file query19.txt (compact mmCIF, C-alpha atoms)
# COMPACT_ATOMS: atom_id res chain seq x y z
CA MET A 1 0.00 0.00 0.00
CA ALA A 2 1.07 3.54 -0.63
CA LEU A 3 0.41 4.49 2.97
CA ASN A 4 1.13 1.35 4.89
CA ARG A 5 1.54 -1.33 2.30
CA ILE A 6 -1.49 -3.36 3.26
CA ALA A 7 -4.53 -2.51 4.52
CA PHE A 8 -6.25 0.56 4.84
CA VAL A 9 -8.08 -2.15 3.21
CA ALA A 10 -8.28 -4.87 5.65
CA ALA A 11 -9.76 -1.96 6.50
CA ALA A 12 -13.32 -1.70 7.11
CA PHE A 13 -13.16 -4.59 9.47
CA PHE A 14 -15.21 -6.33 6.87
CA ALA A 15 -17.90 -3.75 6.98
CA ALA A 16 -18.12 -5.20 3.62
CA LEU A 17 -19.05 -8.72 4.48
CA GLY A 18 -21.89 -10.18 2.50
CA SER A 19 -22.57 -11.04 -1.08
CA PRO A 20 -21.81 -8.36 -3.66
CA SER A 21 -24.91 -6.68 -4.96
CA ALA A 22 -25.78 -6.21 -8.59
CA PRO A 23 -24.59 -2.97 -10.22
CA THR A 24 -27.01 -0.17 -10.92
CA PRO A 25 -26.94 1.97 -14.04
CA ALA A 26 -27.02 5.15 -11.94
CA PHE A 27 -23.82 4.27 -10.18
CA ALA A 28 -22.20 3.19 -13.39
CA GLN A 29 -22.92 6.62 -14.85
CA GLN A 30 -21.43 8.38 -11.82
CA ALA A 31 -18.30 6.32 -11.54
CA GLY A 32 -14.86 7.34 -12.50
CA SER A 33 -12.92 10.01 -14.30
CA THR A 34 -12.68 7.88 -17.42
CA ASN A 35 -15.01 8.19 -20.37
CA LEU A 36 -14.76 4.48 -21.00
CA SER A 37 -17.59 2.12 -20.16
CA PHE A 38 -16.75 -0.63 -17.71
CA PRO A 39 -16.46 -3.29 -20.45
CA ALA A 40 -14.15 -1.04 -22.47
CA TYR A 41 -12.01 -0.24 -19.44
CA LEU A 42 -11.83 -3.93 -18.56
CA GLU A 43 -10.33 -4.58 -21.99
CA THR A 44 -7.49 -2.18 -21.14
CA LEU A 45 -6.84 -4.12 -17.93
CA LYS A 46 -6.83 -7.40 -19.82
CA ALA A 47 -4.34 -6.03 -22.34
CA ARG A 48 -2.04 -4.90 -19.54
CA ALA A 49 -2.29 -8.30 -17.87
CA ARG A 50 -1.35 -10.04 -21.11
CA ALA A 51 1.59 -7.69 -21.55
CA GLU A 52 2.78 -8.60 -18.04
CA GLY A 53 2.70 -12.32 -18.78
CA VAL A 54 -0.63 -13.46 -17.35
CA SER A 55 -2.02 -16.47 -19.23
CA GLU A 56 -5.06 -16.09 -21.45
CA ALA A 57 -6.81 -18.90 -19.58
CA THR A 58 -6.43 -17.05 -16.28
CA ILE A 59 -7.66 -13.78 -17.77
CA ARG A 60 -10.74 -15.52 -19.18
CA ARG A 61 -11.74 -17.28 -15.98
CA MET A 62 -11.09 -14.25 -13.79
CA THR A 63 -13.15 -11.89 -15.98
CA ALA A 64 -16.04 -14.08 -17.13
CA GLY A 65 -19.29 -12.20 -16.59
CA LEU A 66 -17.51 -9.38 -14.77
CA THR A 67 -19.65 -6.32 -14.00
CA PRO A 68 -19.04 -3.29 -11.75
CA ASN A 69 -20.17 -3.56 -8.14
CA ASP A 70 -21.94 -0.45 -6.92
CA ARG A 71 -21.75 -1.60 -3.29
CA VAL A 72 -17.97 -1.65 -3.46
CA ILE A 73 -17.98 1.95 -4.71
CA ARG A 74 -20.34 3.04 -1.94
CA LEU A 75 -18.21 1.37 0.72
CA ASP A 76 -15.03 2.91 -0.64
CA ARG A 77 -16.52 6.40 -0.82
CA GLY A 78 -18.02 6.02 2.62
CA GLN A 79 -14.77 5.48 4.52
CA PRO A 80 -14.34 8.01 7.34
CA GLY A 81 -11.81 10.78 6.92
CA SER A 82 -9.10 11.97 9.30
CA PRO A 83 -10.08 13.22 12.74
CA THR A 84 -10.26 16.94 13.27
CA ARG A 85 -8.23 19.06 15.66
CA ARG A 86 -11.09 18.79 18.13
CA GLY A 87 -9.60 15.53 19.23
CA TYR A 88 -9.62 11.78 18.86
CA PRO A 89 -12.02 9.14 20.15
CA ALA A 90 -10.87 7.66 23.45
CA MET A 91 -8.52 4.71 23.13
CA ALA A 92 -9.80 2.72 26.13
CA PRO A 93 -13.23 1.75 24.68
CA TYR A 94 -11.62 0.56 21.45
CA ILE A 95 -9.11 -1.54 23.36
CA SER A 96 -11.78 -3.10 25.57
CA LYS A 97 -13.76 -4.06 22.46
CA HIS A 98 -10.86 -5.51 20.47
CA VAL A 99 -8.75 -7.00 23.26
CA ASN A 100 -11.62 -8.82 24.88
CA PRO A 101 -11.79 -12.16 26.70
CA THR A 102 -13.05 -14.00 23.60
CA ARG A 103 -10.23 -12.76 21.39
CA ILE A 104 -7.62 -13.36 24.10
CA ALA A 105 -8.86 -16.91 24.66
CA GLY A 106 -8.87 -17.54 20.91
CA GLY A 107 -5.30 -16.29 20.64
CA ARG A 108 -4.11 -18.47 23.47
CA ARG A 109 -5.80 -21.47 21.87
CA VAL A 110 -4.17 -20.79 18.48
CA PHE A 111 -0.82 -20.29 20.19
CA SER A 112 -1.12 -23.59 22.05
CA GLN A 113 -2.28 -25.55 19.00
CA ASN A 114 0.53 -24.23 16.80
CA ARG A 115 3.31 -23.76 19.33
CA SER A 116 6.03 -25.71 17.50
CA THR A 117 5.27 -24.08 14.15
CA LEU A 118 5.17 -20.63 15.69
CA ARG A 119 8.47 -21.12 17.52
CA ARG A 120 10.13 -22.37 14.35
CA VAL A 121 8.89 -19.36 12.36
CA GLU A 122 9.90 -17.02 15.19
CA ALA A 123 13.43 -18.46 15.17
CA GLU A 124 13.70 -18.02 11.40
CA TYR A 125 12.30 -14.50 11.07
CA GLY A 126 12.94 -12.95 14.47
CA VAL A 127 9.33 -11.88 14.98
CA PRO A 128 7.60 -12.95 18.23
CA ALA A 129 5.03 -15.74 17.89
CA GLU A 130 2.46 -13.75 19.85
CA ILE A 131 2.67 -10.85 17.38
CA MET A 132 1.92 -13.22 14.48
CA VAL A 133 -1.06 -14.64 16.36
CA ALA A 134 -2.34 -11.19 17.32
CA ILE A 135 -2.29 -10.04 13.69
CA PHE A 136 -4.08 -13.24 12.68
CA GLY A 137 -6.70 -12.59 15.36
CA HIS A 138 -7.19 -8.94 14.63
CA GLU A 139 -7.36 -9.28 10.86
CA THR A 140 -9.67 -12.27 10.46
CA SER A 141 -10.70 -13.45 13.93
CA TYR A 142 -8.20 -16.32 13.59
CA GLY A 143 -9.32 -17.17 10.07
CA ASN A 144 -13.06 -17.13 10.74
CA ILE A 145 -13.91 -13.89 8.91
CA ARG A 146 -11.98 -13.28 5.71
CA GLY A 147 -14.57 -11.54 3.54
CA ASN A 148 -16.42 -12.93 0.53
CA PHE A 149 -16.20 -10.29 -2.18
CA ASP A 150 -15.08 -11.47 -5.61
CA LEU A 151 -11.66 -9.78 -5.66
CA SER A 152 -11.50 -9.53 -9.42
CA ARG A 153 -14.83 -7.75 -9.53
CA SER A 154 -14.05 -5.46 -6.60
CA LEU A 155 -10.60 -4.37 -7.79
CA ALA A 156 -11.73 -3.89 -11.40
CA THR A 157 -14.65 -1.78 -10.10
CA LEU A 158 -12.40 0.42 -7.97
CA ALA A 159 -9.88 0.84 -10.78
CA TRP A 160 -12.64 1.85 -13.18
CA GLU A 161 -14.24 4.20 -10.65
CA GLY A 162 -11.03 6.12 -10.85
CA ARG A 163 -10.34 7.92 -7.59
CA ARG A 164 -7.33 5.69 -6.91
CA ARG A 165 -6.98 4.10 -10.31
CA GLU A 166 -3.22 3.60 -10.23
CA LEU A 167 -3.43 1.72 -6.94
CA PHE A 168 -6.36 -0.53 -7.80
CA SER A 169 -5.44 -1.22 -11.41
CA GLY A 170 -2.03 -2.37 -10.17
CA GLU A 171 -3.66 -4.57 -7.55
CA TRP A 172 -5.98 -6.10 -10.18
CA ILE A 173 -2.97 -7.01 -12.33
CA ALA A 174 -1.25 -8.46 -9.26
CA LEU A 175 -4.39 -10.49 -8.53
CA MET A 176 -4.23 -11.97 -12.04
CA LYS A 177 -0.66 -13.05 -11.31
CA VAL A 178 -1.79 -14.66 -8.04
CA ALA A 179 -4.55 -16.47 -9.94
CA ASP A 180 -1.99 -17.62 -12.48
CA LYS A 181 -0.35 -19.62 -9.69
CA GLY A 182 -3.34 -21.93 -9.74
CA TYR A 183 -5.82 -20.30 -7.37
CA SER A 184 -9.44 -20.42 -8.50
CA ARG A 185 -11.69 -17.40 -8.68
CA SER A 186 -13.82 -18.90 -5.91
CA GLN A 187 -10.75 -18.96 -3.65
CA LEU A 188 -9.80 -15.38 -4.47
CA VAL A 189 -12.39 -13.64 -2.33
CA GLY A 190 -11.88 -11.19 0.50
CA SER A 191 -12.56 -7.63 1.60
CA TYR A 192 -14.29 -5.16 -0.70
CA ALA A 193 -11.00 -3.36 -1.36
CA GLY A 194 -8.91 -6.37 -2.29
CA ALA A 195 -7.33 -7.81 0.87
CA PHE A 196 -7.52 -11.58 1.26
CA GLY A 197 -6.46 -14.61 3.22
CA ASN A 198 -5.75 -15.05 6.91
CA PRO A 199 -3.40 -12.02 7.10
CA GLN A 200 -5.48 -9.90 4.68
CA PHE A 201 -2.71 -9.21 2.19
CA LEU A 202 -3.30 -7.18 -0.94
CA PRO A 203 -2.34 -9.07 -4.11
CA SER A 204 0.86 -7.07 -4.60
CA VAL A 205 1.90 -7.80 -1.02
CA TYR A 206 1.17 -11.48 -1.50
CA LEU A 207 3.41 -11.59 -4.56
CA ARG A 208 6.24 -9.86 -2.72
CA LEU A 209 6.07 -11.24 0.79
CA ALA A 210 3.90 -14.36 1.10
CA GLU A 211 5.96 -17.33 2.28
CA ASP A 212 5.80 -21.10 2.05
CA GLY A 213 6.01 -21.96 5.73
CA ASP A 214 5.90 -25.74 5.51
CA GLY A 215 7.93 -26.51 2.40
CA ASP A 216 5.09 -27.80 0.22
CA GLY A 217 5.96 -25.39 -2.58
CA ARG A 218 3.01 -23.05 -2.14
CA ALA A 219 2.27 -20.00 -0.01
CA ASN A 220 -1.32 -20.80 0.96
CA ILE A 221 -2.44 -17.97 3.25
CA PHE A 222 -6.07 -19.10 3.03
CA THR A 223 -6.05 -22.32 5.04
CA ASN A 224 -2.43 -23.15 5.86
CA ARG A 225 -1.38 -21.76 9.23
CA ALA A 226 2.34 -22.37 8.74
CA ASP A 227 2.19 -20.30 5.54
CA THR A 228 0.05 -17.69 7.29
CA PHE A 229 2.47 -17.24 10.19
CA ALA A 230 5.56 -17.23 7.96
CA SER A 231 3.97 -14.64 5.67
CA ILE A 232 3.06 -12.33 8.56
CA ALA A 233 6.54 -12.73 10.02
CA ASN A 234 8.15 -12.00 6.66
CA TYR A 235 6.07 -8.84 6.37
CA PHE A 236 7.25 -7.66 9.78
CA LYS A 237 10.86 -8.60 9.05
CA ASP A 238 10.71 -6.67 5.78
CA ALA A 239 9.25 -3.66 7.59
CA GLY A 240 12.20 -3.59 9.99
CA TRP A 241 11.19 -5.50 13.13
CA ARG A 242 14.03 -5.51 15.66
CA THR A 243 14.45 -8.93 17.24
CA GLY A 244 14.52 -8.98 21.02
CA GLN A 245 12.78 -5.63 21.47
CA PRO A 246 9.17 -5.29 22.65
CA TRP A 247 6.69 -3.11 20.77
CA GLY A 248 6.29 -0.99 23.89
CA VAL A 249 5.79 -1.09 27.65
CA ARG A 250 3.45 0.59 30.11
CA ALA A 251 4.90 3.71 31.68
CA SER A 252 4.26 5.64 34.87
CA VAL A 253 4.01 9.38 34.35
CA PRO A 254 4.33 11.76 37.31
CA SER A 255 1.33 13.87 38.26
CA GLY A 256 1.37 17.21 36.50
CA PHE A 257 3.83 16.07 33.85
CA ASN A 258 3.50 18.25 30.75
CA VAL A 259 3.46 15.79 27.88
CA ASP A 260 2.86 18.61 25.40
CA ALA A 261 6.29 20.01 26.16
CA TYR A 262 7.77 16.95 24.47
CA ARG A 263 5.46 16.68 21.47
CA ASN A 264 7.02 15.53 18.25
CA LYS A 265 7.43 18.59 16.03
CA LEU A 266 8.47 16.60 12.97
CA ARG A 267 5.68 15.93 10.50
CA SER A 268 5.64 12.46 9.02
CA PRO A 269 4.99 12.34 5.27
CA VAL A 270 2.89 9.20 5.84
CA CYS A 271 -0.01 8.93 8.30
CA ALA A 272 0.83 12.31 9.79
CA ARG A 273 -2.15 12.43 12.15
CA VAL A 274 -1.13 9.07 13.63
CA HIS A 275 2.47 10.02 14.32
CA GLU A 276 1.76 13.53 15.59
CA ARG A 277 0.24 12.00 18.73
CA HIS A 278 3.61 10.58 19.78
CA SER A 279 6.29 12.44 21.72
CA GLN A 280 9.85 13.14 20.74
CA TRP A 281 12.18 10.15 20.77
CA LYS A 282 14.30 9.86 23.90
CA THR A 283 16.19 7.03 25.54
CA VAL A 284 14.65 5.14 28.42
CA ARG A 285 17.29 6.75 30.62
CA GLU A 286 16.36 10.27 29.47
CA TRP A 287 12.67 9.65 30.16
CA ARG A 288 13.51 8.28 33.60
CA ASP A 289 15.46 11.45 34.37
CA LEU A 290 12.25 13.34 33.55
CA GLY A 291 10.25 11.12 35.90
CA VAL A 292 8.71 8.81 33.29
CA ARG A 293 9.47 5.21 34.15
CA ALA A 294 9.04 1.99 32.18
CA GLN A 295 7.02 -0.55 34.15
CA ARG A 296 8.80 -3.50 32.51
CA PRO A 297 12.54 -3.93 31.93
CA LEU A 298 13.81 -2.04 28.91
CA ALA A 299 17.45 -1.26 28.18
CA ASP A 300 18.47 2.26 29.19
CA ASP A 301 19.72 3.15 25.72
CA THR A 302 16.51 2.07 23.92
CA LEU A 303 14.93 4.93 22.00
CA VAL A 304 11.25 5.25 22.82
CA SER A 305 8.37 7.64 22.31
CA LEU A 306 5.87 8.53 25.05
CA PHE A 307 2.22 7.93 24.16
CA GLN A 308 -0.63 8.83 26.53
CA PRO A 309 -3.62 8.61 24.18
CA ASP A 310 -6.43 9.44 26.60
CA GLY A 311 -4.72 12.31 28.35
CA PRO A 312 -3.24 13.08 31.78
CA GLY A 313 -3.90 10.57 34.50
CA ARG A 314 -4.73 7.83 32.00
CA PRO A 315 -2.58 4.87 30.84
CA ALA A 316 0.68 5.73 29.08
CA TRP A 317 3.21 3.71 27.12
CA LEU A 318 6.79 4.00 25.97
CA LEU A 319 6.77 2.84 22.34
CA THR A 320 9.79 1.40 20.57
CA GLY A 321 10.56 1.37 16.87
CA ASN A 322 8.74 -1.96 16.63
CA TYR A 323 5.46 -0.15 17.29
CA ARG A 324 6.11 1.74 14.04
CA VAL A 325 6.43 -1.64 12.32
CA ILE A 326 2.92 -2.58 13.48
CA LEU A 327 1.74 0.75 12.05
CA GLU A 328 3.18 -0.38 8.72
CA TYR A 329 0.55 -3.11 8.71
CA ASN A 330 -2.29 -0.71 9.41
CA CYS A 331 -1.63 2.96 10.01
CA SER A 332 -3.82 3.47 13.07
CA ASN A 333 -2.83 3.91 16.69
CA TYR A 334 -6.02 2.11 17.70
CA TYR A 335 -5.07 -0.87 15.56
CA ALA A 336 -1.41 -0.95 16.57
CA MET A 337 -2.13 -0.61 20.28
CA SER A 338 -4.76 -3.35 20.19
CA VAL A 339 -2.38 -5.70 18.33
CA GLY A 340 0.41 -5.06 20.83
CA LEU A 341 -1.80 -5.44 23.87
CA LEU A 342 -3.46 -8.57 22.49
CA ALA A 343 -0.02 -10.09 21.86
CA ASP A 344 0.94 -9.36 25.46
CA GLU A 345 -2.25 -11.01 26.76
CA ILE A 346 -1.74 -14.10 24.61
CA VAL A 347 1.53 -14.96 26.36
CA ASN A 348 0.61 -13.75 29.86

call {"tool": "encode", "arguments": {"input": "query19.txt", "output": "structure tokens"}}
result
Amino acid sequence: MALNRIAFVAAAFFAALGSPSAPTPAFAQQAGSTNLSFPAYLETLKARARAEGVSEATIRRMTAGLTPNDRVIRLDRGQPGSPTRRGYPAMAPYISKHVNPTRIAGGRRVFSQNRSTLRRVEAEYGVPAEIMVAIFGHETSYGNIRGNFDLSRSLATLAWEGRRRELFSGEWIALMKVADKGYSRSQLVGSYAGAFGNPQFLPSVYLRLAEDGDGDGRANIFTNRADTFASIANYFKDAGWRTGQPWGVRASVPSGFNVDAYRNKLRSPVCARVHERHSQWKTVREWRDLGVRAQRPLADDTLVSLFQPDGPGRPAWLLTGNYRVILEYNCSNYYAMSVGLLADEIVN
């Protein structure tokens, strides 16, 4: 993804679950900045796929009867925008909803059932087993909710609609290449915006980072847990996960401490509103000298950022660079915090 490589997509927490609805002429007339009809635009996608080596048989089976999906366009246009300067929704209610007893118990069960596989993948990639399981749980409820939109139809619709044509046309071509590996159209279903499988990878991410975790010659992120865990771990390794370092730890902040005095003044070119909520980077030792103390052991020279999302007197954390890696998966503090906290609960 342009912003975080995957899933603004995995995105709607499957707001999009359910069978795609039939297209309506009104929507078809509204869609896109192109003057081409959907069938004409689809021909341009097919030509590009051929030019990039996709087989004619795959193109035929992945485009048979293809029509635009008005529901996909509505869902895409209906995504909420960035929060205003008036503030952000409280973090605590989101955490209590997403790091709940059911999800924790499910994570512990998955961890126990796959312990040897997880430990082997952890040793190979350097990413903690509990982080892999937490992503699996957060993205698809441990494989139970993966979405059922026809990916070819959804991505072709979004490419034709035109607001993010470069992104979605590229993902449609990548999907054709995934299909060319032998996956059927009925297997290639997922979220309305193109994410699929247990880790909710976009097609381009699958092609680049999906891994064969059990040596059977295929990276099956749909039903194979070894492949799922290896693929998630490879994503995190590629994004810069530092082995042996936690994502963050709870911190005690002295009463009256002025967090605003240490706000990060650098503006991130990506997900600026997410990163502006974090403090300047300081070592654990420097924060301790200011009265902010890590509540779990963390090396004195570790660079961390102070994050107190719900304001003074509420829980605070010291976040390491590995927290930024979680944000690469989905650029949301709510998402990243819930993944980190769920991972901690899974192994506690």

call {"tool": "residues_around", "arguments": {"input": "query19.txt", "residues": "A:Pro254", "least_positions_apart": "5", "cutoff": "9 Å", "atoms": "all atoms listed in the file", "output": "list in words"}}
result
Leu290, Gly291, Val292, Arg293 and Gly313 of chain A

call {"tool": "write_last_selection", "arguments": {"input": "query19.txt", "atoms": "C-alpha atoms", "output": "compact mmCIF listing (two decimals), keeping the file's coordinate frame"}}
result
# COMPACT_ATOMS: atom_id res chain seq x y z
CA LEU A 290 12.25 13.34 33.55
CA GLY A 291 10.25 11.12 35.90
CA VAL A 292 8.71 8.81 33.29
CA ARG A 293 9.47 5.21 34.15
CA GLY A 313 -3.90 10.57 34.50

call {"tool": "closest_residue", "arguments": {"input": "query19.txt", "among": "A:Arg296, A:Arg324, A:Arg61, A:Arg146", "to": "A:Ile221", "atoms": "all atoms listed in the file"}}
result
A:Arg146

call {"tool": "residues_around", "arguments": {"input": "query19.txt", "residues": "stretch 204-220 of chain A", "least_positions_apart": "6", "cutoff": "6 Å", "atoms": "only C-alpha atoms", "output": "list of chain:residue names"}}
result
A:Glu171, A:Ala174, A:Ala226, A:Asp227, A:Ala230, A:Ser231

call {"tool": "closest_residue", "arguments": {"input": "query19.txt", "among": "A:Arg250, A:Arg277, A:Arg242, A:Arg153", "to": "A:Gly311", "atoms": "all atoms listed in the file"}}
result
A:Arg277

call {"tool": "residues_around", "arguments": {"input": "query19.txt", "residues": "stretch 117-119 of chain A", "least_positions_apart": "6", "cutoff": "12 Å", "atoms": "all atoms listed in the file", "output": "list in words"}}
result
Val110, Phe111, Tyr125, Gly126, Val127, Pro128, Ala129, Glu130, Ile131, Met132, Val133, Gly213, Asp214, Asn224, Arg225, Ala226, Asp227, Thr228, Phe229, Ala230, Ser231, Ile232 and Ala233 of chain A

call {"tool": "write_last_selection", "arguments": {"input": "query19.txt", "atoms": "C-alpha atoms", "output": "CSV table (one decimal), in the coordinates of the input"}}
result
chain,number,residue,atom,x,y,z
A,110,VAL,CA,-4.2,-20.8,18.5
A,111,PHE,CA,-0.8,-20.3,20.2
A,125,TYR,CA,12.3,-14.5,11.1
A,126,GLY,CA,12.9,-13.0,14.5
A,127,VAL,CA,9.3,-11.9,15.0
A,128,PRO,CA,7.6,-13.0,18.2
A,129,ALA,CA,5.0,-15.7,17.9
A,130,GLU,CA,2.5,-13.8,19.8
A,131,ILE,CA,2.7,-10.8,17.4
A,132,MET,CA,1.9,-13.2,14.5
A,133,VAL,CA,-1.1,-14.6,16.4
A,213,GLY,CA,6.0,-22.0,5.7
A,214,ASP,CA,5.9,-25.7,5.5
A,224,ASN,CA,-2.4,-23.2,5.9
A,225,ARG,CA,-1.4,-21.8,9.2
A,226,ALA,CA,2.3,-22.4,8.7
A,227,ASP,CA,2.2,-20.3,5.5
A,228,THR,CA,0.0,-17.7,7.3
A,229,PHE,CA,2.5,-17.2,10.2
A,230,ALA,CA,5.6,-17.2,8.0
A,231,SER,CA,4.0,-14.6,5.7
A,232,ILE,CA,3.1,-12.3,8.6
A,233,ALA,CA,6.5,-12.7,10.0

call {"tool": "closest_residue", "arguments": {"input": "query19.txt", "among": "A:Tyr183, A:Tyr94, A:Tyr88, A:Trp281", "to": "A:Thr302", "atoms": "all atoms listed in the file"}}
result
A:Trp281

call {"tool": "atom_distance", "arguments": {"input": "query19.txt", "atom1": "atom CA of A:Gly190", "atom2": "atom CA of A:Asp150"}}
result
6.9 Å

call {"tool": "closest_residue", "arguments": {"input": "query19.txt", "among": "A:Pro39, A:Gly53, A:Gly244, A:Gly194", "to": "A:Thr67", "atoms": "only C-alpha atoms"}}
result
A:Pro39

call {"tool": "atom_distance", "arguments": {"input": "query19.txt", "atom1": "atom CA of A:Val54", "atom2": "atom CA of A:Ser37"}}
result
23.2 Å

call {"tool": "residues_near_point", "arguments": {"input": "query19.txt", "point": "(8.2, 7.5, 22.4)", "cutoff": "6 Å", "atoms": "only C-alpha atoms", "output": "PyMOL selection string"}}
result
chain A and resi 279+281+304-306+318-319

call {"tool": "closest_residue", "arguments": {"input": "query19.txt", "among": "A:Leu45, A:Met62, A:Ala272, A:Ala40", "to": "A:Asp180", "atoms": "only C-alpha atoms"}}
result
A:Met62

call {"tool": "closest_residue", "arguments": {"input": "query19.txt", "among": "A:Thr63, A:Ser338, A:Gln187, A:Gln308", "to": "A:Ala156", "atoms": "all atoms listed in the file"}}
result
A:Thr63

call {"tool": "residues_around", "arguments": {"input": "query19.txt", "residues": "A:Gly340", "least_positions_apart": "2", "cutoff": "10 Å", "atoms": "only C-alpha atoms", "output": "VMD selection string"}}
result
chain A and resid 99 130 to 131 134 to 135 246 to 249 322 to 323 326 335 to 338 342 to 345

call {"tool": "write_last_selection", "arguments": {"input": "query19.txt", "atoms": "C-alpha atoms", "output": "short mmCIF file (atom, residue, chain, number, x, y, z; two decimals), in the coordinates of the input"}}
result
data_model
loop_
_atom_site.label_atom_id
_atom_site.label_comp_id
_atom_site.auth_asym_id
_atom_site.auth_seq_id
_atom_site.Cartn_x
_atom_site.Cartn_y
_atom_site.Cartn_z
CA VAL A 99 -8.75 -7.00 23.26
CA GLU A 130 2.46 -13.75 19.85
CA ILE A 131 2.67 -10.85 17.38
CA ALA A 134 -2.34 -11.19 17.32
CA ILE A 135 -2.29 -10.04 13.69
CA PRO A 246 9.17 -5.29 22.65
CA TRP A 247 6.69 -3.11 20.77
CA GLY A 248 6.29 -0.99 23.89
CA VAL A 249 5.79 -1.09 27.65
CA ASN A 322 8.74 -1.96 16.63
CA TYR A 323 5.46 -0.15 17.29
CA ILE A 326 2.92 -2.58 13.48
CA TYR A 335 -5.07 -0.87 15.56
CA ALA A 336 -1.41 -0.95 16.57
CA MET A 337 -2.13 -0.61 20.28
CA SER A 338 -4.76 -3.35 20.19
CA LEU A 342 -3.46 -8.57 22.49
CA ALA A 343 -0.02 -10.09 21.86
CA ASP A 344 0.94 -9.36 25.46
CA GLU A 345 -2.25 -11.01 26.76
#

call {"tool": "atom_distance", "arguments": {"input": "query19.txt", "atom1": "atom CA of A:Arg185", "atom2": "atom CA of A:Ser55"}}
result
14.3 Å
